[in-house]
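S.K.: Just so it is clear, I am handing over entry33.txt, which has compact mmCIF, C-alpha atoms.
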```txt
# COMPACT_ATOMS: atom_id res chain seq x y z
CA MET A 256 0.00 0.00 0.00
CA LYS A 257 1.22 3.48 -0.90
CA ILE A 258 0.25 6.55 1.15
CA ILE A 259 0.98 10.22 0.41
CA ILE A 260 0.99 12.37 3.53
CA ASP A 261 1.24 16.05 4.37
CA ASN A 262 4.71 16.51 5.84
CA LYS A 263 3.45 18.78 8.64
CA ILE A 264 1.36 16.06 10.28
CA PRO A 265 3.26 15.07 13.46
CA TYR A 266 3.81 11.78 15.33
CA ILE A 267 2.99 9.67 12.30
CA LYS A 268 6.19 8.43 10.65
CA GLU A 269 6.96 5.45 12.85
CA ALA A 270 3.34 4.32 12.90
CA LEU A 271 2.97 4.54 9.12
CA GLN A 272 6.07 2.43 8.59
CA ARG A 273 4.16 -0.39 10.27
CA ILE A 274 1.08 -0.23 8.06
CA ALA A 275 2.26 0.94 4.60
CA ASP A 276 4.70 -0.45 2.04
CA GLU A 277 5.56 3.01 0.68
CA VAL A 278 5.10 6.43 2.25
CA ILE A 279 5.82 9.78 0.59
CA TYR A 280 5.79 13.04 2.54
CA ALA A 281 5.10 16.35 0.78
CA PRO A 282 3.97 19.88 1.66
CA GLY A 283 0.20 20.07 1.58
CA LYS A 284 0.16 22.73 -1.13
CA ASP A 285 2.42 20.59 -3.36
CA PHE A 286 0.10 17.61 -3.82
CA THR A 287 -0.21 17.16 -7.60
CA PRO A 288 -2.06 14.70 -9.87
CA LYS A 289 1.29 13.14 -10.76
CA LEU A 290 2.23 12.70 -7.09
CA VAL A 291 -1.04 11.03 -6.06
CA ARG A 292 -1.70 9.04 -9.25
CA ASP A 293 -0.57 5.66 -7.91
CA ALA A 294 -1.35 6.24 -4.23
CA ASP A 295 -3.91 4.16 -2.38
CA ALA A 296 -4.56 6.73 0.35
CA LEU A 297 -3.89 10.36 1.23
CA VAL A 298 -3.48 11.94 4.66
CA VAL A 299 -3.99 15.70 4.33
CA ARG A 300 -4.69 18.97 6.07
CA THR A 301 -6.72 21.95 4.87
CA ARG A 302 -4.06 23.13 2.42
CA THR A 303 -4.68 20.19 0.07
CA HIS A 304 -7.77 20.58 -2.11
CA CYS A 305 -9.03 17.08 -2.81
CA ASN A 306 -11.09 17.52 -5.95
CA ARG A 307 -11.39 16.34 -9.53
CA ASP A 308 -8.31 18.31 -10.59
CA LEU A 309 -6.17 16.40 -8.10
CA LEU A 310 -7.78 12.98 -8.05
CA GLU A 311 -9.15 12.16 -11.51
CA GLY A 312 -7.32 9.21 -13.01
CA SER A 313 -5.66 8.24 -9.72
CA ARG A 314 -6.09 4.99 -7.84
CA VAL A 315 -6.77 6.80 -4.55
CA LYS A 316 -9.42 4.92 -2.60
CA PHE A 317 -9.32 6.72 0.75
CA ILE A 318 -8.61 10.22 2.09
CA ALA A 319 -8.09 11.02 5.76
CA THR A 320 -7.94 14.68 6.69
CA ALA A 321 -6.34 15.28 10.08
CA THR A 322 -8.66 18.22 10.69
CA ILE A 323 -12.14 18.90 11.98
CA GLY A 324 -13.10 20.85 8.87
CA PHE A 325 -13.48 19.14 5.51
CA ASP A 326 -14.48 21.94 3.12
CA HIS A 327 -11.19 21.31 1.25
CA ILE A 328 -12.59 17.92 0.19
CA ASP A 329 -15.00 17.88 -2.76
CA THR A 330 -17.28 15.33 -1.14
CA GLU A 331 -19.64 15.12 -4.13
CA TYR A 332 -16.80 14.34 -6.52
CA CYS A 333 -15.39 11.75 -4.10
CA LYS A 334 -18.81 10.09 -3.88
CA ARG A 335 -19.09 9.88 -7.67
CA ALA A 336 -15.51 8.60 -7.97
CA GLY A 337 -15.97 5.96 -5.25
CA ILE A 338 -13.40 7.55 -2.96
CA GLU A 339 -14.11 7.24 0.77
CA TRP A 340 -12.99 9.99 3.12
CA THR A 341 -12.96 10.83 6.81
CA ASN A 342 -12.22 13.84 8.98
CA ALA A 343 -11.27 14.05 12.65
CA PRO A 344 -14.26 15.60 14.46
CA GLY A 345 -13.45 16.94 17.90
CA CYS A 346 -9.74 16.17 17.61
CA ASN A 347 -8.60 19.66 18.59
CA SER A 348 -11.67 20.97 20.40
CA ALA A 349 -9.82 21.18 23.73
CA SER A 350 -7.01 23.06 22.02
CA VAL A 351 -9.40 25.67 20.62
CA ALA A 352 -11.01 25.96 24.06
CA GLN A 353 -7.54 26.59 25.52
CA TYR A 354 -6.96 29.34 22.93
CA ILE A 355 -10.28 31.04 23.73
CA GLN A 356 -9.72 30.69 27.47
CA SER A 357 -6.30 32.33 27.31
CA SER A 358 -7.45 34.98 24.84
CA LEU A 359 -10.31 36.02 27.11
CA LEU A 360 -7.90 36.36 30.03
CA VAL A 361 -5.53 38.49 27.93
CA TRP A 362 -8.40 40.69 26.74
CA LYS A 363 -9.76 41.02 30.27
CA SER A 364 -6.39 42.22 31.53
CA VAL A 365 -5.70 44.62 28.67
CA ARG A 366 -9.19 46.18 28.75
CA ASN A 367 -9.63 45.98 32.54
CA LYS A 368 -12.85 43.97 32.35
CA ARG A 369 -14.62 41.47 34.61
CA LEU A 370 -15.68 38.41 32.70
CA ASP A 371 -18.30 37.46 35.29
CA GLU A 372 -20.22 40.63 34.41
CA LEU A 373 -20.44 39.83 30.70
CA ALA A 374 -22.55 37.76 28.31
CA ILE A 375 -21.04 35.60 25.58
CA GLY A 376 -22.77 34.33 22.47
CA ILE A 377 -21.47 31.06 21.05
CA ILE A 378 -22.43 30.48 17.43
CA GLY A 379 -22.00 26.79 16.68
CA VAL A 380 -22.26 24.40 19.64
CA GLY A 381 -20.61 21.20 18.48
CA ASN A 382 -17.46 19.63 19.91
CA VAL A 383 -15.68 22.99 20.12
CA GLY A 384 -18.56 25.29 21.01
CA SER A 385 -19.66 23.02 23.85
CA LYS A 386 -16.20 23.27 25.43
CA ILE A 387 -16.22 27.06 24.99
CA ALA A 388 -19.53 27.16 26.85
CA LYS A 389 -17.92 25.37 29.80
CA VAL A 390 -14.93 27.77 29.76
CA ALA A 391 -17.31 30.73 29.79
CA ARG A 392 -19.48 29.33 32.58
CA ASP A 393 -16.35 28.62 34.64
CA PHE A 394 -15.54 32.32 34.28
CA GLY A 395 -19.04 33.14 35.57
CA MET A 396 -20.28 34.51 32.26
CA ARG A 397 -23.86 34.42 31.01
CA VAL A 398 -23.88 32.08 28.01
CA LEU A 399 -26.19 32.23 24.98
CA LEU A 400 -26.02 29.40 22.45
CA ASN A 401 -26.90 29.45 18.75
CA ASP A 402 -26.87 26.31 16.61
CA LEU A 403 -29.56 25.95 13.95
CA PRO A 404 -29.00 22.25 13.13
CA ARG A 405 -29.09 21.32 16.82
CA GLU A 406 -32.09 23.57 17.47
CA GLU A 407 -34.04 21.81 14.72
CA LYS A 408 -33.30 18.41 16.28
CA GLU A 409 -33.54 19.31 19.96
CA GLY A 410 -36.02 22.19 20.05
CA LYS A 411 -35.57 25.85 20.88
CA GLY A 412 -35.23 25.42 24.64
CA SER A 413 -31.45 25.74 25.04
CA PHE A 414 -30.82 28.02 22.07
CA SER A 415 -31.01 31.72 21.25
CA SER A 416 -31.54 33.45 17.93
CA LEU A 417 -28.70 35.26 16.17
CA ASP A 418 -30.71 38.44 16.67
CA LYS A 419 -30.87 37.92 20.44
CA ILE A 420 -27.11 37.30 20.60
CA ALA A 421 -26.49 40.43 18.52
CA LYS A 422 -28.56 42.50 20.95
CA GLU A 423 -27.39 41.11 24.30
CA CYS A 424 -23.82 39.76 24.07
CA ASP A 425 -20.58 41.48 25.00
CA ILE A 426 -18.52 38.77 23.29
CA ILE A 427 -19.52 36.74 20.21
CA THR A 428 -17.46 33.75 19.13
CA PHE A 429 -17.87 31.62 15.99
CA HIS A 430 -17.45 27.82 15.94
CA VAL A 431 -19.33 26.73 12.83
CA PRO A 432 -18.26 24.65 9.84
CA LEU A 433 -18.04 26.46 6.50
CA TYR A 434 -21.09 25.84 4.32
CA LYS A 435 -21.10 27.99 1.20
CA GLU A 436 -24.67 27.16 0.21
CA GLY A 437 -27.78 25.50 1.52
CA LYS A 438 -30.04 25.59 4.51
CA TYR A 439 -27.25 26.13 7.04
CA LYS A 440 -25.10 28.45 4.96
CA THR A 441 -22.33 30.00 7.08
CA PHE A 442 -20.33 31.76 4.35
CA HIS A 443 -20.27 35.45 5.38
CA LEU A 444 -22.63 34.68 8.24
CA ALA A 445 -21.22 37.81 9.86
CA ASP A 446 -21.81 40.38 7.11
CA GLU A 447 -22.73 44.08 7.05
CA ASN A 448 -26.28 43.31 8.18
CA PHE A 449 -25.01 41.27 11.11
CA PHE A 450 -22.66 44.01 12.29
CA ARG A 451 -25.38 46.66 11.91
CA SER A 452 -27.60 44.59 14.22
CA LEU A 453 -25.13 44.65 17.13
CA LYS A 454 -26.11 46.62 20.23
CA GLN A 455 -23.35 46.06 22.82
CA LYS A 456 -20.20 46.83 20.78
CA PRO A 457 -19.01 43.29 21.42
CA VAL A 458 -15.69 41.55 20.99
CA ILE A 459 -15.75 39.32 17.90
CA ILE A 460 -13.79 36.05 18.00
CA ASN A 461 -13.31 33.72 15.04
CA THR A 462 -11.50 30.39 15.24
CA SER A 463 -13.72 28.49 12.77
CA ARG A 464 -13.16 29.45 9.13
CA GLY A 465 -12.08 32.83 7.79
CA GLU A 466 -14.91 32.98 5.27
CA VAL A 467 -17.53 32.86 8.03
CA ILE A 468 -16.86 36.59 8.59
CA GLU A 469 -16.85 39.08 5.72
CA THR A 470 -13.51 40.87 6.04
CA ASP A 471 -14.62 44.29 4.79
CA ALA A 472 -17.67 44.21 7.06
CA LEU A 473 -15.47 43.34 10.06
CA LEU A 474 -13.07 46.16 9.21
CA ASN A 475 -15.94 48.62 8.89
CA ALA A 476 -17.29 47.48 12.26
CA LEU A 477 -13.90 48.04 13.90
CA ASN A 478 -13.44 51.44 12.25
CA SER A 479 -16.95 52.61 13.16
CA GLN A 480 -16.66 51.13 16.69
CA ALA A 481 -19.70 48.93 16.15
CA ILE A 482 -17.49 46.34 17.83
CA SER A 483 -14.90 47.02 20.51
CA ASP A 484 -12.25 44.43 19.60
CA ALA A 485 -11.57 41.38 17.45
CA ILE A 486 -9.63 38.20 18.15
CA ILE A 487 -8.98 36.46 14.83
CA ASP A 488 -7.22 33.16 14.20
CA VAL A 489 -8.73 32.32 10.79
CA TRP A 490 -8.76 34.65 7.80
CA GLU A 491 -10.29 34.97 4.38
CA HIS A 492 -7.82 34.22 1.58
CA GLU A 493 -5.21 32.58 3.82
CA PRO A 494 -2.25 32.86 3.66
CA GLU A 495 -2.72 36.22 1.88
CA ILE A 496 -4.40 37.89 4.85
CA ASN A 497 -5.69 41.45 5.13
CA GLN A 498 -2.89 43.59 6.61
CA GLU A 499 -5.22 46.36 7.80
CA LEU A 500 -7.35 43.89 9.71
CA LEU A 501 -4.28 42.27 11.27
CA ASP A 502 -3.09 45.67 12.47
CA LYS A 503 -6.43 46.45 14.11
CA VAL A 504 -7.22 43.20 15.94
CA ILE A 505 -6.18 42.86 19.57
CA ILE A 506 -5.04 39.27 18.95
CA GLY A 507 -4.28 37.94 15.47
CA THR A 508 -2.79 34.49 14.96
CA PRO A 509 -1.95 32.24 11.96
CA HIS A 510 -4.72 29.63 12.16
CA ILE A 511 -3.17 27.83 15.13
CA ALA A 512 -5.97 27.84 17.72
CA GLY A 513 -6.30 24.08 17.35
CA TYR A 514 -2.57 23.41 17.17
CA SER A 515 -1.86 21.95 20.58
CA ALA A 516 0.33 18.85 20.60
CA ASP A 517 -2.61 17.02 22.20
CA GLY A 518 -4.99 17.99 19.39
CA LYS A 519 -2.46 17.04 16.73
CA ALA A 520 -1.86 13.66 18.34
CA ASN A 521 -5.62 13.05 18.44
CA ALA A 522 -5.97 13.94 14.75
CA THR A 523 -3.07 11.73 13.74
CA ARG A 524 -4.45 8.81 15.73
CA MET A 525 -7.93 9.22 14.25
CA SER A 526 -6.53 9.37 10.70
CA LEU A 527 -4.44 6.24 11.19
CA ASP A 528 -7.32 4.39 12.82
CA ALA A 529 -9.53 5.27 9.85
CA ILE A 530 -6.94 4.01 7.34
CA CYS A 531 -6.54 0.75 9.24
CA ASN A 532 -10.30 0.26 9.42
CA PHE A 533 -10.80 0.98 5.72
CA PHE A 534 -7.99 -1.28 4.49
CA GLN A 535 -8.62 -3.88 7.23
CA ILE A 536 -5.13 -3.57 8.69
CA ASP A 537 -4.18 -4.49 12.25
CA GLY A 538 -2.50 -1.28 13.40
CA ASP A 539 0.14 -1.66 16.09
CA TYR A 540 1.08 1.89 17.07
CA GLU A 541 0.84 4.38 19.89
CA ILE A 542 0.48 8.11 19.30
CA LYS A 543 1.45 10.37 22.20
CA ALA A 544 2.25 14.05 22.48
CA PRO A 545 5.70 14.83 23.89
CA VAL A 546 6.14 15.66 27.58
CA PRO A 547 6.49 19.44 28.18
CA ALA A 548 10.02 20.71 28.70
CA PHE A 549 8.90 22.21 32.04
CA PRO A 550 5.95 20.16 33.29
CA ILE A 551 5.62 21.87 36.70
CA ILE A 552 3.97 25.31 36.81
CA GLN A 553 4.49 27.61 39.79
CA ALA A 554 1.52 29.97 39.79
CA LYS A 555 -0.14 32.66 41.89
CA SER A 556 -3.60 31.63 40.68
CA HIS A 557 -5.31 29.38 38.19
CA GLU A 558 -5.56 32.26 35.71
CA ASP A 559 -1.83 32.84 36.09
CA ALA A 560 -1.23 29.13 35.42
CA ILE A 561 -3.43 29.19 32.30
CA LEU A 562 -1.41 32.03 30.79
CA GLN A 563 1.91 30.44 31.74
CA ILE A 564 0.84 27.31 29.89
CA TYR A 565 -0.32 29.27 26.83
CA ASN A 566 -0.41 33.00 26.10
CA PRO A 567 -1.60 33.87 22.57
CA ILE A 568 0.06 37.30 22.66
CA GLU A 569 3.38 35.75 21.63
CA ASP A 570 1.81 34.13 18.57
CA SER A 571 0.07 37.41 17.75
CA LYS A 572 3.28 39.42 18.02
CA ARG A 573 5.06 37.06 15.64
CA LEU A 574 2.32 37.29 13.01
CA LYS A 575 1.98 41.06 13.29
CA ALA A 576 5.74 41.45 12.88
CA HIS A 577 5.89 39.15 9.85
CA PRO A 578 2.49 38.63 8.17
CA GLU A 579 4.27 37.47 5.02
CA LEU A 580 5.38 34.40 7.02
CA PHE A 581 1.81 33.28 7.78
CA GLU A 582 2.28 29.85 6.21
CA THR A 583 5.68 29.33 7.82
CA LEU A 584 4.45 30.39 11.26
CA ARG A 585 1.56 27.98 10.89
CA GLY A 586 3.48 25.10 9.36
CA ASP A 587 6.40 25.28 11.79
CA TYR A 588 4.29 26.07 14.84
CA PRO A 589 5.92 24.86 18.08
CA LEU A 590 3.15 22.58 19.27
CA ARG A 591 1.96 23.51 22.75
CA ARG A 592 0.57 21.22 25.44
CA GLU A 593 -2.78 21.56 27.17
CA GLU A 594 -3.31 22.00 30.90
CA LYS A 595 -3.67 18.28 31.60
CA ALA A 596 0.02 17.82 30.72
CA TYR A 597 1.16 19.96 33.66
CA THR A 598 1.30 19.83 37.43
CA ILE A 599 0.29 23.20 38.86
CA LYS A 600 1.72 24.26 42.21
CA TYR A 601 0.28 27.39 43.75
CA LYS A 602 2.53 29.87 45.55
CA GLU A 603 1.67 30.76 49.13
```
I need this file expressed as C-alpha cells, please.
M.R.:
Amino acid sequence: MKIIIDNKIPYIKEALQRIADEVIYAPGKDFTPKLVRDADALVVRTRTHCNRDLLEGSRVKFIATATIGFDHIDTEYCKRAGIEWTNAPGCNSASVAQYIQSSLLVWKSVRNKRLDELAIGIIGVGNVGSKIAKVARDFGMRVLLNDLPREEKEGKGSFSSLDKIAKECDIITFHVPLYKEGKYKTFHLADENFFRSLKQKPVIINTSRGEVIETDALLNALNSQAISDAIIDVWEHEPEINQELLDKVIIGTPHIAGYSADGKANATRMSLDAICNFFQIDGDYEIKAPVPAFPIIQAKSHEDAILQIYNPIEDSKRLKAHPELFETLRGDYPLRREEKAYTIKYKE
C-alpha cells in the first residue's frame, strides 16, 4: 500500500512504517495529480484541495484529513468517484477551548474587564462550542447558544436566535463549519447586516473558518466602533491575509488555535485508525504528544497558570511582525501542550 501524507502532520512516521509499504511526505500545497496518481490513500490537512483536478485518473481509494473541517474535500466528486474519506471531528476541540480561554484572560487584563459581568454568544455548539460554553461558565459569564441544526433536532429550549445574541452579548465567538450554500449556509454569516444589528459593541472572535466573517464588514465594524475588539485566528484568503485587519485586531494568529500537541496527536491517531479500518489492517502503534520541557507550573492563581501554559500574545506578536510568514508560522508552529500535561503548584 502506498500513502501520500502532508509533511506537517506530526507523530505519524513510525506508525505509518508499520502499516504501509511506501510512504511519501510532501507539503500540503504541493500535492499534484502526478504525485497522487498511484497512491492508495492520502493523509492531508486543509491546504490540500481534494477535488477532480487532483484525483481524476488516480487509484486513490481513501482520504483522511487530520482536521475537523473538511471543506477542502469535494465530497460530491469523491462520492461519484468511489473515494471514501474521513475527517477528525473533535480532535482539537480542547485546544481551541484553551486558545479562547487564554485569549479572554488576555483581553480582560488589557481592557480591565470582569468576565463574570459579561454575556457571551457562542455560534455553533458542536465539539468545540460546547467546550467554549464550559470555559465561559467557569468564568461566571452568562452564556447564549446558537446552533440551527441542533435547534431543529432538539427544540428551541437551550438556544437563542442570532438576533438575540447580537442584541445582548458582550462577546460573540464563531465555531461553525463552512457551508457555502444550503439551509445552514455559514459563508459570510457575519456580514454588514449582522454588524449593523449589534447593540453592545461586542468583541468578535473567530477560530472556525475565515470565510464565516466578511472581512470588509469586520473592518468597517472596527473602524466605526460597532465592535470594541476582534480576536482572529482564521482569515479569508489565507495565507494572503488582510494587513489592515491584522493591524487592528487585539489578537491575530496564523490559524493555530487548534494546534496543541494534544490535538495534533488526536488527529493523527484518528486518521491512522480510519486508514486501518478501511484497508482492514491491524494497526500496532501508539500516538502520544511529547512531555512538556517544564511540566511543573508555579503559579499565583489558576488564571496565572493558564497564561503560563499558553499565552496567545506571543503568537500574535510574531504574526503582526511578519504577516508574510503566515504559512511558515503555521506550518512550523511549536506545538503547545494543554493544561492536563502539567502539574500546577500554587505559591503561598
S.K.: What's the 12 Å shell around region 407-411 of chain A, counting only C-alpha atoms, without same-chain residues fewer than 6 positions away, as a tab-separated table (two decimals) with C-alpha atoms, in the frame of the given file?
M.R.:
```
chain	number	residue	atom	x	y	z
A	400	LEU	CA	-26.02	29.40	22.45
A	401	ASN	CA	-26.90	29.45	18.75
A	438	LYS	CA	-30.04	25.59	4.51
A	439	TYR	CA	-27.25	26.13	7.04
```
S.K.: What's the separation between CA of Pro282 (chain A) and CA of Ile323 (chain A), in Å to one decimal place?
M.R.: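 Atom-to-atom, CA of Pro282 (chain A) to CA of Ile323 (chain A), that is 19.2 Å.
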S.K.: Could you check how far CA of His304 (chain A) sits from CA of Phe325 (chain A), in Å to one decimal?
M.R.: 9.6 Å
S.K.: Taking all atoms listed in the file into account, which of A:Glu579, A:Glu436, A:Glu593, A:Asp393 comes nearest Gly513 (chain A)?
M.R.: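 The shortest atom-to-atom distance to Gly513 (chain A) comes from A:Glu593.
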S.K.: Show me, as a ChimeraX atom specification, the residues that have an atom within 10 Å of region 376-387 of chain A when counting only C-alpha atoms, minus same-chain residues fewer than 2 positions from it.
M.R.: /A:323,344-356,374,389-393,397-405,414-417,419-421,423-432,457,459-463,513
S.K.: How far is it from CA of Leu584 (chain A) to CA of Asp570 (chain A), in Å with one decimal?
M.R.: 8.6 Å
S.K.: Wanna dump the region 260-361 of chain A-region 542-552 of chain A contacts at 10 Å for me, each residue with its shortest atom pair and the distance in Å to one decimal, counting all atoms listed in the file, ordered by chain and number, as CSV?
M.R.:
```
residue,atom,partner,partner_atom,distance
A:Pro265,CA,A:Ala544,CA,9.1
A:Tyr266,CA,A:Ile542,CA,6.3
A:Ile267,CA,A:Ile542,CA,7.6
A:Glu269,CA,A:Ile542,CA,9.5
A:Ala270,CA,A:Ile542,CA,8.0
```
S.K.: Name the closest residue to Ile279 (chain A) among the candidates A:Ala296, A:Ala512, A:Ile259, A:Ile568; distances are taken between atoms, counting all atoms listed in the file.
M.R.: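 Smallest distance to Ile279 (chain A) is found for A:Ile259.
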S.K.: Considering all atoms listed in the file, return as a list in words whatever protein or nucleic-acid residues lie within 10 Å of Asp446 (chain A), sequence-local ones (same chain, fewer than 4 positions apart) excluded.
M.R.: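 In the requested format, the answer is Phe442, Phe450, Arg451, Val467, Ile468, Glu469, Thr470, Asp471, Ala472, Leu473 and Ala476 of chain A.
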S.K.: Scan for residues within 6 Å of the point (-12.3, 36.6, 3.7) in the coordinates of the file, using all atoms listed in the file, and reply as a PyMOL selection string.
M.R.: chain A and resi 465-466+469-470+490-492
S.K.: Find the residue from A:Ala560, A:Leu290, A:Glu582, A:Ser571 that sits nearest to Tyr597 (chain A); use all atoms listed in the file when measuring.
M.R.: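 Looking only at the distances to Tyr597 (chain A), the closest residue turns out to be A:Ala560.
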